[in-house]
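This is upload17.tsv (TSV, C-alpha atoms and all ligand atoms).
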chain	number	residue	atom	x	y	z
A	1202	MET	CA	162.24	-9.31	-186.46
A	1203	SER	CA	165.38	-7.18	-186.68
A	1204	GLY	CA	164.48	-3.62	-185.68
A	1205	ASN	CA	161.96	-1.95	-183.46
A	1206	LEU	CA	160.17	1.13	-184.84
A	1207	GLN	CA	159.81	3.66	-182.03
A	1208	ILE	CA	158.42	7.15	-181.54
A	1209	VAL	CA	160.95	8.81	-179.28
A	1210	LEU	CA	160.69	12.10	-177.39
A	1211	GLY	CA	163.20	14.16	-179.39
A	1212	ARG	CA	163.21	17.28	-177.22
A	1213	ARG	CA	161.35	18.51	-174.18
A	1214	PRO	CA	158.45	20.84	-175.04
A	1215	THR	CA	157.94	23.92	-172.89
A	1216	ALA	CA	154.21	24.18	-173.63
A	1217	ARG	CA	151.74	21.96	-175.50
A	1218	PRO	CA	153.65	19.19	-177.34
A	1219	ALA	CA	153.98	19.47	-181.13
A	1220	VAL	CA	154.61	16.77	-183.75
A	1221	ARG	CA	158.19	18.08	-184.20
A	1222	ASP	CA	159.00	17.23	-180.54
A	1223	PHE	CA	158.92	13.53	-181.48
A	1224	VAL	CA	161.30	11.54	-183.68
A	1225	VAL	CA	160.75	8.27	-185.55
A	1226	CYS	CA	163.65	5.87	-184.75
A	1227	GLU	CA	164.65	2.29	-185.36
A	1228	GLY	CA	165.57	0.98	-181.89
A	1229	ASP	CA	167.19	-2.32	-180.91
A	1230	PHE	CA	164.99	-5.38	-180.95
A	1231	PRO	CA	164.30	-6.14	-177.26
A	1232	VAL	CA	165.05	-9.49	-175.64
A	1233	ALA	CA	162.93	-10.91	-172.83
A	1234	GLY	CA	165.15	-11.15	-169.75
A	1235	PRO	CA	164.39	-13.18	-166.63
A	1236	ASP	CA	160.87	-12.37	-165.36
A	1237	GLU	CA	160.03	-10.45	-168.52
A	1238	ALA	CA	157.69	-11.06	-171.47
A	1239	LEU	CA	158.45	-9.96	-175.01
A	1240	VAL	CA	155.29	-8.47	-176.51
A	1241	ARG	CA	154.41	-7.30	-179.97
A	1242	THR	CA	152.45	-4.07	-179.67
A	1243	ILE	CA	148.97	-4.22	-181.23
A	1244	LEU	CA	147.50	-0.83	-180.25
A	1245	VAL	CA	148.78	2.15	-178.25
A	1246	SER	CA	146.82	4.77	-176.37
A	1247	VAL	CA	146.93	8.55	-176.81
A	1248	ASP	CA	146.02	10.39	-173.62
A	1249	PRO	CA	145.73	13.95	-172.30
A	1250	ALA	CA	148.07	12.96	-169.44
A	1251	MET	CA	150.91	12.79	-171.99
A	1252	ARG	CA	150.96	16.60	-172.04
A	1253	GLY	CA	152.22	16.49	-168.44
A	1254	TRP	CA	154.43	13.39	-168.87
A	1255	VAL	CA	156.69	15.11	-171.44
A	1256	LEU	CA	157.17	18.29	-169.37
A	1257	ASP	CA	159.94	18.83	-166.86
A	1258	GLY	CA	157.78	19.57	-163.84
A	1259	PRO	CA	156.38	17.89	-160.73
A	1260	ASN	CA	153.84	15.22	-161.64
A	1261	TYR	CA	152.69	11.84	-160.36
A	1262	LEU	CA	155.23	10.13	-162.70
A	1263	PRO	CA	158.78	11.26	-163.61
A	1264	PRO	CA	159.13	13.06	-166.98
A	1265	VAL	CA	159.67	10.84	-170.05
A	1266	PRO	CA	163.44	11.07	-170.70
A	1267	VAL	CA	164.44	12.80	-173.94
A	1268	GLY	CA	165.65	10.06	-176.31
A	1269	SER	CA	163.31	7.41	-174.86
A	1270	PRO	CA	160.23	5.92	-176.52
A	1271	MET	CA	157.10	7.87	-175.56
A	1272	ARG	CA	155.44	6.37	-172.48
A	1273	SER	CA	151.99	4.95	-173.15
A	1274	PHE	CA	149.59	2.24	-172.27
A	1275	GLY	CA	149.18	-0.29	-175.05
A	1276	ILE	CA	147.86	-3.71	-175.90
A	1277	GLY	CA	150.56	-6.26	-176.56
A	1278	GLN	CA	150.55	-9.89	-177.64
A	1279	VAL	CA	153.04	-12.08	-175.82
A	1280	VAL	CA	155.58	-13.73	-178.14
A	1281	VAL	CA	158.15	-15.04	-175.63
A	1282	SER	CA	157.46	-15.31	-171.91
A	1283	ASN	CA	159.81	-15.75	-168.97
A	1284	LEU	CA	156.98	-14.60	-166.71
A	1285	PRO	CA	155.07	-17.23	-164.74
A	1286	GLY	CA	151.38	-17.19	-165.71
A	1287	PHE	CA	151.88	-15.61	-169.14
A	1288	GLY	CA	152.37	-17.52	-172.39
A	1289	PRO	CA	152.73	-16.90	-176.13
A	1290	GLY	CA	149.53	-15.55	-177.70
A	1291	ASP	CA	148.25	-13.90	-174.50
A	1292	LEU	CA	146.92	-10.37	-174.95
A	1293	VAL	CA	147.87	-7.93	-172.20
A	1294	VAL	CA	147.45	-4.26	-171.33
A	1295	GLY	CA	150.74	-2.76	-170.25
A	1296	MET	CA	153.21	0.07	-170.51
A	1297	THR	CA	154.30	-0.81	-174.04
A	1298	GLY	CA	155.24	2.75	-175.03
A	1299	TRP	CA	154.99	4.02	-178.59
A	1300	GLN	CA	157.05	1.19	-180.14
A	1301	GLU	CA	156.53	-2.04	-182.06
A	1302	TRP	CA	158.10	-4.39	-179.51
A	1303	ALA	CA	158.63	-4.23	-175.74
A	1304	ALA	CA	160.11	-6.46	-173.05
A	1305	LEU	CA	157.77	-5.96	-170.09
A	1306	ARG	CA	158.37	-6.73	-166.41
A	1307	ARG	CA	155.42	-7.96	-164.35
A	1308	THR	CA	154.99	-4.49	-162.84
A	1309	GLU	CA	154.62	-3.04	-166.36
A	1310	ILE	CA	151.74	-5.39	-167.20
A	1311	GLN	CA	148.42	-4.13	-165.93
A	1312	ARG	CA	146.29	-7.16	-166.78
A	1313	ARG	CA	145.46	-9.91	-169.25
A	1314	ILE	CA	142.62	-9.25	-171.71
A	1315	ASP	CA	139.76	-11.63	-172.33
A	1316	PRO	CA	139.30	-11.26	-176.13
A	1317	GLY	CA	135.84	-12.86	-175.82
A	1318	LEU	CA	134.50	-9.96	-173.73
A	1319	ALA	CA	134.46	-7.29	-176.46
A	1320	PRO	CA	136.77	-6.03	-179.25
A	1321	VAL	CA	140.23	-5.88	-177.66
A	1322	SER	CA	140.59	-2.14	-178.37
A	1323	THR	CA	138.00	-1.50	-175.64
A	1324	ALA	CA	140.61	-2.65	-173.08
A	1325	LEU	CA	142.32	0.74	-173.57
A	1326	GLY	CA	139.02	2.64	-173.45
A	1327	VAL	CA	135.57	1.94	-172.10
A	1328	LEU	CA	136.67	-1.44	-170.66
A	1329	GLY	CA	140.02	-0.13	-169.38
A	1330	VAL	CA	141.43	2.82	-167.47
A	1331	THR	CA	139.04	5.20	-169.28
A	1332	GLY	CA	136.10	3.20	-167.94
A	1333	LEU	CA	137.63	2.97	-164.46
A	1334	THR	CA	138.15	6.76	-164.45
A	1335	ALA	CA	134.54	7.53	-165.32
A	1336	TYR	CA	133.30	4.92	-162.84
A	1337	VAL	CA	135.38	6.12	-159.87
A	1338	GLY	CA	134.78	9.81	-160.57
A	1339	MET	CA	131.06	9.55	-161.18
A	1340	LEU	CA	129.87	6.67	-159.03
A	1341	ASP	CA	132.28	6.82	-156.05
A	1342	ILE	CA	132.82	10.59	-155.83
A	1343	GLY	CA	129.90	12.21	-157.71
A	1344	ARG	CA	127.29	9.75	-156.41
A	1345	PRO	CA	124.37	11.06	-158.52
A	1346	THR	CA	120.86	10.34	-157.29
A	1347	PRO	CA	117.65	10.04	-159.35
A	1348	GLY	CA	116.43	13.45	-160.44
A	1349	SER	CA	119.67	15.25	-159.51
A	1350	THR	CA	121.49	17.40	-162.08
A	1351	VAL	CA	124.94	16.32	-163.25
A	1352	LEU	CA	127.28	18.53	-165.29
A	1353	VAL	CA	130.15	16.86	-167.19
A	1354	THR	CA	133.09	18.47	-169.05
A	1355	THR	CA	134.86	16.92	-172.11
A	1356	ALA	CA	131.42	15.35	-172.52
A	1357	ALA	CA	131.95	14.01	-176.05
A	1358	GLY	CA	135.33	12.51	-175.13
A	1359	ALA	CA	136.26	9.04	-173.92
A	1360	VAL	CA	135.96	9.63	-170.15
A	1361	GLY	CA	133.29	12.35	-170.22
A	1362	SER	CA	130.87	10.51	-172.51
A	1363	LEU	CA	130.95	7.48	-170.22
A	1364	ALA	CA	130.72	9.56	-167.03
A	1365	GLY	CA	127.53	11.16	-168.39
A	1366	GLN	CA	126.02	7.79	-169.29
A	1367	LEU	CA	126.80	6.37	-165.84
A	1368	ALA	CA	124.97	9.32	-164.29
A	1369	SER	CA	122.00	8.74	-166.64
A	1370	LEU	CA	121.89	5.09	-165.52
A	1371	GLN	CA	121.46	6.39	-161.95
A	1372	GLY	CA	118.42	8.39	-163.08
A	1373	ALA	CA	120.14	11.80	-163.04
A	1374	ARG	CA	119.55	14.61	-165.54
A	1375	THR	CA	122.82	15.10	-167.45
A	1376	VAL	CA	124.26	18.20	-169.10
A	1377	GLY	CA	127.50	18.07	-171.10
A	1378	LEU	CA	130.06	20.75	-171.93
A	1379	THR	CA	132.00	20.29	-175.14
A	1380	GLY	CA	133.95	22.25	-177.75
A	1381	SER	CA	131.93	22.25	-180.98
A	1382	ASP	CA	128.36	22.15	-182.24
A	1383	GLU	CA	129.00	18.76	-183.85
A	1384	LYS	CA	130.19	17.33	-180.51
A	1385	ARG	CA	127.25	18.99	-178.74
A	1386	ARG	CA	124.86	17.05	-180.99
A	1387	LEU	CA	126.87	13.85	-180.47
A	1388	CYS	CA	126.47	14.26	-176.70
A	1389	VAL	CA	122.69	14.44	-176.95
A	1390	GLU	CA	121.96	12.17	-179.91
A	1391	HIS	CA	124.54	9.43	-179.36
A	1392	PHE	CA	125.48	9.50	-175.67
A	1393	GLY	CA	122.05	10.43	-174.31
A	1394	PHE	CA	122.87	13.65	-172.43
A	1395	ASP	CA	119.67	15.57	-171.69
A	1396	ALA	CA	121.34	18.77	-172.89
A	1397	ALA	CA	124.78	19.91	-174.02
A	1398	ILE	CA	126.55	23.25	-174.37
A	1399	ASP	CA	129.20	24.21	-176.94
A	1400	TYR	CA	131.37	26.22	-174.54
A	1401	ARG	CA	133.30	27.85	-177.39
A	1402	ALA	CA	130.07	29.46	-178.66
A	1403	GLU	CA	129.15	31.02	-175.29
A	1404	ASP	CA	130.25	34.49	-174.15
A	1405	ASP	CA	128.98	33.85	-170.62
A	1406	LEU	CA	129.46	30.18	-169.73
A	1407	ALA	CA	128.08	30.54	-166.18
A	1408	GLU	CA	124.85	31.94	-167.62
A	1409	ALA	CA	124.67	29.18	-170.26
A	1410	ILE	CA	125.03	26.56	-167.50
A	1411	ARG	CA	122.35	28.34	-165.44
A	1412	CYS	CA	119.92	28.15	-168.40
A	1413	ALA	CA	120.70	24.47	-169.07
A	1414	CYS	CA	120.54	23.58	-165.34
A	1415	PRO	CA	117.57	25.59	-163.97
A	1416	ASP	CA	117.60	23.57	-160.71
A	1417	GLY	CA	121.35	24.10	-160.22
A	1418	VAL	CA	124.09	21.47	-160.37
A	1419	ASP	CA	124.40	18.66	-157.80
A	1420	VAL	CA	127.39	16.83	-159.28
A	1421	PHE	CA	130.17	18.38	-161.38
A	1422	PHE	CA	132.54	15.94	-163.11
A	1423	ASP	CA	135.40	18.19	-164.18
A	1424	SER	CA	138.27	17.33	-166.52
A	1425	VAL	CA	139.04	20.92	-167.56
A	1426	GLY	CA	139.47	23.32	-164.58
A	1427	GLY	CA	140.20	27.05	-164.85
A	1428	ALA	CA	137.44	29.32	-166.17
A	1429	THR	CA	135.20	26.28	-166.80
A	1430	LEU	CA	135.38	25.30	-163.14
A	1431	ASP	CA	134.65	28.92	-162.14
A	1432	ALA	CA	131.54	28.96	-164.35
A	1433	ALA	CA	130.30	25.66	-162.93
A	1434	LEU	CA	131.00	26.66	-159.30
A	1435	ALA	CA	128.64	29.63	-159.72
A	1436	ASN	CA	125.83	27.09	-160.34
A	1437	LEU	CA	126.54	24.45	-157.68
A	1438	ASN	CA	123.77	23.59	-155.21
A	1439	VAL	CA	124.13	23.15	-151.46
A	1440	GLY	CA	125.91	19.85	-150.81
A	1441	ALA	CA	127.18	19.54	-154.38
A	1442	ARG	CA	130.05	17.20	-155.13
A	1443	VAL	CA	132.89	18.01	-157.55
A	1444	ALA	CA	134.99	15.14	-158.95
A	1445	VAL	CA	138.28	16.67	-160.15
A	1446	CYS	CA	139.26	14.30	-162.96
A	1447	GLY	CA	141.63	16.42	-165.08
A	1448	THR	CA	142.93	19.92	-165.76
A	1449	ILE	CA	143.25	19.95	-169.54
A	1450	GLY	CA	142.02	23.57	-169.70
A	1451	LEU	CA	144.82	24.87	-167.45
A	1452	PRO	CA	148.26	25.82	-168.75
A	1453	PRO	CA	150.64	22.84	-168.44
A	1454	ASP	CA	152.31	24.33	-165.35
A	1455	GLY	CA	148.88	24.56	-163.68
A	1456	GLU	CA	149.27	28.30	-163.01
A	1457	ALA	CA	146.20	30.46	-163.78
A	1458	ASP	CA	144.43	33.41	-162.20
A	1459	GLY	CA	140.81	33.22	-161.13
A	1460	PRO	CA	138.31	34.13	-158.44
A	1461	ARG	CA	138.70	32.90	-154.84
A	1462	ILE	CA	136.29	30.01	-154.32
A	1463	GLU	CA	136.49	29.43	-150.55
A	1464	ARG	CA	133.30	31.34	-149.61
A	1465	ARG	CA	131.22	29.50	-152.20
A	1466	ILE	CA	132.59	26.14	-151.06
A	1467	LEU	CA	131.91	27.00	-147.42
A	1468	VAL	CA	128.46	28.53	-147.85
A	1469	ASN	CA	127.20	25.75	-150.16
A	1470	ARG	CA	129.02	22.97	-148.21
A	1471	ILE	CA	130.57	21.70	-151.46
A	1472	SER	CA	132.89	18.66	-151.50
A	1473	MET	CA	135.67	18.68	-154.07
A	1474	GLN	CA	137.84	15.59	-154.54
A	1475	GLY	CA	140.65	14.83	-156.96
A	1476	PHE	CA	141.32	11.25	-157.94
A	1477	LEU	CA	143.61	9.13	-160.10
A	1478	ALA	CA	142.22	6.00	-161.70
A	1479	THR	CA	145.63	4.37	-161.26
A	1480	ASP	CA	145.03	4.33	-157.47
A	1481	HIS	CA	142.06	2.04	-158.17
A	1482	LEU	CA	143.68	-0.48	-160.53
A	1483	HIS	CA	143.13	-3.26	-157.97
A	1484	ARG	CA	139.38	-2.87	-158.73
A	1485	ILE	CA	139.63	-2.86	-162.51
A	1486	ASP	CA	138.47	-6.45	-163.14
A	1487	GLY	CA	135.22	-5.94	-161.21
A	1488	VAL	CA	134.57	-2.53	-162.76
A	1489	VAL	CA	135.28	-3.84	-166.28
A	1490	GLU	CA	132.90	-6.76	-165.73
A	1491	GLU	CA	130.13	-4.37	-164.68
A	1492	LEU	CA	130.79	-1.99	-167.58
A	1493	ALA	CA	130.96	-4.92	-170.05
A	1494	GLY	CA	127.51	-6.03	-168.88
A	1495	TRP	CA	126.09	-2.56	-169.57
A	1496	LEU	CA	127.90	-2.42	-172.93
A	1497	ARG	CA	126.53	-5.81	-174.02
A	1498	ALA	CA	123.03	-4.82	-172.91
A	1499	GLY	CA	123.27	-1.65	-175.03
A	1500	ARG	CA	122.94	0.55	-171.93
A	1501	ILE	CA	126.21	2.39	-172.59
A	1502	ARG	CA	127.87	3.41	-175.84
A	1503	HIS	CA	131.44	4.33	-176.72
A	1504	ARG	CA	133.40	5.68	-179.66
A	1505	GLU	CA	136.98	5.12	-180.79
A	1506	GLU	CA	139.22	6.99	-183.22
A	1507	ILE	CA	142.00	4.65	-184.40
A	1508	SER	CA	144.93	6.11	-186.37
A	1509	PRO	CA	146.23	3.48	-188.80
A	1510	VAL	CA	150.04	3.52	-188.24
A	1511	LEU	CA	152.43	4.06	-185.31
A	1512	THR	CA	154.07	7.08	-186.94
A	1513	ASP	CA	150.67	8.89	-186.65
A	1514	ALA	CA	150.86	8.87	-182.84
A	1515	PRO	CA	152.31	12.40	-182.34
A	1516	ALA	CA	149.72	13.90	-184.72
A	1517	ALA	CA	146.98	12.02	-182.86
A	1518	LEU	CA	148.21	13.56	-179.58
A	1519	VAL	CA	148.15	17.05	-181.11
A	1520	ARG	CA	144.61	16.42	-182.46
A	1521	LEU	CA	143.44	15.41	-178.99
A	1522	LEU	CA	145.01	18.41	-177.28
A	1523	GLU	CA	143.32	20.67	-179.86
A	1524	GLY	CA	139.96	18.98	-179.19
A	1525	ARG	CA	139.75	17.52	-182.72
A	1526	ASN	CA	139.33	13.88	-181.59
A	1527	THR	CA	135.96	12.23	-181.16
A	1528	GLY	CA	136.12	9.20	-178.91
A	1529	LYS	CA	138.99	7.28	-177.37
A	1530	SER	CA	142.17	8.03	-179.31
A	1531	LEU	CA	144.20	4.94	-180.26
A	1532	VAL	CA	146.92	4.09	-182.76
A	1533	ARG	CA	147.13	0.73	-184.54
A	1534	VAL	CA	150.60	-0.82	-184.55
A	1535	ALA	CA	150.07	-4.43	-185.71
A	1536	ASP	CA	147.31	-7.01	-186.16
A	1537	ILE	CA	146.70	-9.73	-183.60
A	1538	ASP	CA	148.30	-13.03	-184.54
A	1539	PRO	CA	145.36	-15.49	-184.57
A	1601	LIG	N1	142.03	11.30	-163.03
A	1601	LIG	C1	142.36	10.28	-163.81
A	1601	LIG	O1	142.80	9.23	-163.36
A	1601	LIG	C2	142.21	10.43	-165.29
A	1601	LIG	C3	142.38	9.30	-166.13
A	1601	LIG	C4	142.16	9.46	-167.51
A	1601	LIG	C5	141.82	10.71	-168.01
A	1601	LIG	N2	141.70	11.77	-167.14
A	1601	LIG	C6	141.32	13.10	-167.65
A	1601	LIG	O2	140.07	13.01	-168.30
A	1601	LIG	C7	140.00	14.01	-169.29
A	1601	LIG	C8	139.51	13.42	-170.59
A	1601	LIG	O3	140.43	12.42	-171.03
A	1601	LIG	P1	140.08	11.49	-172.28
A	1601	LIG	O4	141.14	10.48	-172.38
A	1601	LIG	O5	138.67	11.07	-172.16
A	1601	LIG	O6	140.24	12.47	-173.53
A	1601	LIG	P2	139.11	13.01	-174.51
A	1601	LIG	O7	138.05	13.69	-173.70
A	1601	LIG	O8	138.67	11.94	-175.44
A	1601	LIG	O9	139.94	14.09	-175.34
A	1601	LIG	C9	140.38	15.25	-174.73
A	1601	LIG	C10	139.33	16.37	-174.91
A	1601	LIG	O10	139.66	17.43	-174.02
A	1601	LIG	C11	139.12	18.63	-174.53
A	1601	LIG	N3	140.16	19.67	-174.49
A	1601	LIG	C12	141.36	19.64	-175.07
A	1601	LIG	N4	142.03	20.79	-174.80
A	1601	LIG	C13	141.22	21.53	-174.04
A	1601	LIG	C14	141.35	22.81	-173.45
A	1601	LIG	N5	142.46	23.55	-173.58
A	1601	LIG	N6	140.31	23.27	-172.72
A	1601	LIG	C15	139.19	22.53	-172.58
A	1601	LIG	N7	139.03	21.29	-173.11
A	1601	LIG	C16	140.03	20.81	-173.83
A	1601	LIG	C17	138.68	18.37	-175.96
A	1601	LIG	O11	137.27	18.19	-175.95
A	1601	LIG	P3	136.28	19.44	-176.20
A	1601	LIG	O12	136.33	19.73	-177.67
A	1601	LIG	O13	134.96	18.92	-175.76
A	1601	LIG	O14	136.79	20.56	-175.38
A	1601	LIG	C18	139.34	17.04	-176.28
A	1601	LIG	O15	138.62	16.31	-177.24
A	1601	LIG	C19	141.38	14.67	-169.35
A	1601	LIG	O16	141.38	15.85	-168.56
A	1601	LIG	C20	142.27	13.63	-168.70
A	1601	LIG	O17	143.44	14.19	-168.15
A	1601	LIG	C21	141.89	11.64	-165.83
For this file, produce the structure as structure tokens.
Amino acid sequence: MSGNLQIVLGRRPTARPAVRDFVVCEGDFPVAGPDEALVRTILVSVDPAMRGWVLDGPNYLPPVPVGSPMRSFGIGQVVVSNLPGFGPGDLVVGMTGWQEWAALRRTEIQRRIDPGLAPVSTALGVLGVTGLTAYVGMLDIGRPTPGSTVLVTTAAGAVGSLAGQLASLQGARTVGLTGSDEKRRLCVEHFGFDAAIDYRAEDDLAEAIRCACPDGVDVFFDSVGGATLDAALANLNVGARVAVCGTIGLPPDGEADGPRIERRILVNRISMQGFLATDHLHRIDGVVEELAGWLRAGRIRHREEISPVLTDAPAALVRLLEGRNTGKSLVRVADIDP
């Protein structure tokens, strides 16, 4: 217990982050101060949001400082606790960052994990913020009804695959958009989408959506934006709802040209709502309990891709931003102490 292996942001990228923007360092071993818990990191998360967190632009969180460990959610096991209600051995989800050890304040701990519920890794995926994101976007904002048509982007990914399954549970017909033929088959064969489109193989995406959704689209769960949103908008029915979950298809600064959409929104009385799962964290225990019930009953499925060592984290981020991940992207840091 002398050093603390960290993946630090070495320089600020101007576009999509690359492996060379991160540096492997040996930081000081942290000490739990008053009202802090020292945790050993077990797993860290790799998320599309990190593309925005490392840039120097307006966002919902300040940029990660150059020279600091990369910001990330992680699962930690408490070793020393000066925090009322937390003791050695507890497993928590918190802002561990990409490092082996962290001293966390109460505000940096999201919640305690019940290891009996499911494998603990799910607390960063289907039974964590990923699950909450799909739940809020699909069930609160999309509100699919039986027989309606639901279109989902990043459909083979962590959020999208669950969003599609939640719509199926409501009796909707689901169509996924994804970036390879292999992922297209995964959407249909593993996640139960009624149809899926490999958007990279289509010259005219709006037409491909029209063929896959002959009755039009009632709910669009969008994590991509840009030309994908334009193609979906051309197929939205009167009264359709658009849940704006992410903008991974836009340049990092969010600037992109495209058609004006006001007339279509007006004429078809479309509702479009952005949301952040982090605004709904107060609901996470109830949502996780509901999702865990469906998971145990075999009514929803999930996939994970776990890189074996902390130093793989930057490469895992690059893989995800190139669409080469399948399932929730995680990095193993240490084993749980039984
Ligand atoms: N609003 C919220 O609170 C919230 C919370 C969590 C996540 N999100 C958003 O949800 C989305 C999915 O996140 P996730 O964690 O589940 O990741 P994920 O879907 O498992 O992985 C990201 C996927 O995005 C797709 N992608 C990457 N670059 C792209 C590009 N330039 N254009 C189009 N697609 C691209 C790739 O899938 P394909 O090969 O299929 O294109 C890639 O596999 C992201 O947009 C993320 O920002 C939002």
Selection as a VMD selection string: residues within 8 Å of ligand LIG 1601 (chain A) by only C-alpha atoms and all ligand atoms: chain A and resid 1247 to 1250 1330 to 1331 1334 1338 1354 to 1362 1378 to 1381 1384 1399 to 1400 1423 to 1425 1429 1445 to 1452 1475 to 1480 1520 to 1530
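One finds atom CA of A:Thr1375 at 10.9 Å from atom CA of A:Pro1347.
Reported to one decimal place, the separation of atom CA of A:Asp1431 from atom CA of A:Asp1382 is 22.1 Å.
Among the candidate residues A:Asp1222, A:Asp1291, A:Asp1395, A:Glu1383, the one lying nearest to A:Cys1414 is A:Asp1395, with distances computed using all atoms listed in the file.
Using all atoms listed in the file, every residue with an atom at most 12 Å from the point (140.7, 5.2, -186.1) is listed here: A:Leu1244, A:Val1245, A:Ser1246, A:Val1247, A:Ser1322, A:Arg1504, A:Glu1505, A:Glu1506, A:Ile1507, A:Ser1508, A:Pro1509, A:Val1510, A:Leu1511, A:Asp1513, A:Ala1514, A:Ala1517, A:Asn1526, A:Thr1527, A:Gly1528, A:Lys1529, A:Ser1530, A:Leu1531, A:Val1532, A:Arg1533, A:Val1534.
In this structure, atom CA of A:Pro1231 sits 29.4 Å away from atom CA of A:Asp1486.
Nearest residue to A:Val1376, choosing from A:Ala1433, A:Met1473, A:Leu1328, A:Val1321 and counting all atoms listed in the file: A:Ala1433.
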Set the distance at 10 Å and use only C-alpha atoms: which residues neighbour A:Glu1408 once local chain neighbours fewer than 5 positions away are removed? I'd like the list as a compact mmCIF listing (two decimals) with C-alpha atoms, in the coordinates of the input.
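Dumped to part.txt:
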# COMPACT_ATOMS: atom_id res chain seq x y z
CA GLU A 1403 129.15 31.02 -175.29
CA ALA A 1413 120.70 24.47 -169.07
CA CYS A 1414 120.54 23.58 -165.34
CA ALA A 1432 131.54 28.96 -164.35
CA ALA A 1433 130.30 25.66 -162.93
CA ALA A 1435 128.64 29.63 -159.72
CA ASN A 1436 125.83 27.09 -160.34
Selection: 6 Å around stretch 1263-1280 of chain A, only C-alpha atoms, excl. self and same-chain fewer than 6 positions, as a list in words: Gln1207, Ile1208, Val1209, Leu1210, Gly1211, Arg1212, Leu1239, Val1240, Arg1241, Thr1242, Ile1243, Leu1244, Val1245, Ser1246, Trp1254, Val1255, Asp1257, Pro1289, Gly1290, Asp1291, Leu1292, Val1293, Val1294, Gly1295, Met1296, Thr1297, Gly1298 and Trp1299 of chain A
Selection near A:Pro1415, 12 Å with only C-alpha atoms, sequence-local residues under 5 positions removed, as a PyMOL selection string: chain A and resi 1349-1351+1374+1376+1396+1407-1410+1436-1438
Best match for closeness to A:Asn1205 among A:Met1339, A:Leu1262, A:Ala1304, A:Val1420, counting all atoms listed in the file: A:Ala1304
Spatial neighbours of A:Arg1217, 9 Å, all atoms listed in the file, chain gap at least 3 places, as an MDAnalysis selection string: chainID A and resid 1214 1252:1253 1256 1452:1453 1519 1522
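Across A:Ala1216, A:Ile1310, A:Val1327, A:Gly1317, the tightest approach to A:Leu1496 is made by A:Val1327 when counting all atoms listed in the file.
Each of A:Thr1215, A:Gln1311, A:Thr1346, A:Ser1472 was compared to A:Gly1329 using all atoms listed in the file, and A:Gln1311 turns out to be the nearest.
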Could the centre and edge lengths of an axis-aligned box, enclosing all atoms of stretch 1302-1309 of chain A in the file with 4 Å extra on each side, be given in Å to one decimal as AutoDock Vina command-line options?
--center_x 157.4 --center_y -5.5 --center_z -171.2 --size_x 13.5 --size_y 12.9 --size_z 24.7
Using the partial input, fill out stretch 1433-1445 of chain A with N, CA and C atoms; write the result as an mmCIF file, in the coordinates of the input.
data_model
loop_
_atom_site.group_PDB
_atom_site.id
_atom_site.type_symbol
_atom_site.label_atom_id
_atom_site.label_comp_id
_atom_site.auth_asym_id
_atom_site.auth_seq_id
_atom_site.Cartn_x
_atom_site.Cartn_y
_atom_site.Cartn_z
ATOM 1 N N ALA A 1433 131.130 26.712 -163.538
ATOM 2 C CA ALA A 1433 130.300 25.660 -162.930
ATOM 3 C C ALA A 1433 130.059 25.946 -161.451
ATOM 4 N N LEU A 1434 131.118 26.408 -160.744
ATOM 5 C CA LEU A 1434 131.000 26.660 -159.300
ATOM 6 C C LEU A 1434 129.868 27.645 -159.008
ATOM 7 N N ALA A 1435 129.681 28.609 -159.913
ATOM 8 C CA ALA A 1435 128.640 29.630 -159.720
ATOM 9 C C ALA A 1435 127.246 29.004 -159.745
ATOM 10 N N ASN A 1436 127.141 27.748 -160.204
ATOM 11 C CA ASN A 1436 125.830 27.090 -160.340
ATOM 12 C C ASN A 1436 125.661 25.894 -159.405
ATOM 13 N N LEU A 1437 126.627 25.661 -158.505
ATOM 14 C CA LEU A 1437 126.540 24.450 -157.680
ATOM 15 C C LEU A 1437 125.540 24.623 -156.539
ATOM 16 N N ASN A 1438 124.769 23.586 -156.293
ATOM 17 C CA ASN A 1438 123.770 23.590 -155.210
ATOM 18 C C ASN A 1438 124.418 23.304 -153.859
ATOM 19 N N VAL A 1439 123.685 23.522 -152.808
ATOM 20 C CA VAL A 1439 124.130 23.150 -151.460
ATOM 21 C C VAL A 1439 124.407 21.649 -151.447
ATOM 22 N N GLY A 1440 125.557 21.268 -150.920
ATOM 23 C CA GLY A 1440 125.910 19.850 -150.810
ATOM 24 C C GLY A 1440 126.423 19.237 -152.096
ATOM 25 N N ALA A 1441 126.721 20.087 -153.097
ATOM 26 C CA ALA A 1441 127.180 19.540 -154.380
ATOM 27 C C ALA A 1441 128.541 18.852 -154.229
ATOM 28 N N ARG A 1442 128.780 17.919 -155.128
ATOM 29 C CA ARG A 1442 130.050 17.200 -155.130
ATOM 30 C C ARG A 1442 130.774 17.464 -156.461
ATOM 31 N N VAL A 1443 132.084 17.757 -156.347
ATOM 32 C CA VAL A 1443 132.890 18.010 -157.550
ATOM 33 C C VAL A 1443 133.950 16.918 -157.628
ATOM 34 N N ALA A 1444 133.944 16.146 -158.709
ATOM 35 C CA ALA A 1444 134.990 15.140 -158.950
ATOM 36 C C ALA A 1444 136.023 15.785 -159.869
ATOM 37 N N VAL A 1445 137.226 16.032 -159.343
ATOM 38 C CA VAL A 1445 138.280 16.670 -160.150
ATOM 39 C C VAL A 1445 139.046 15.566 -160.869
#
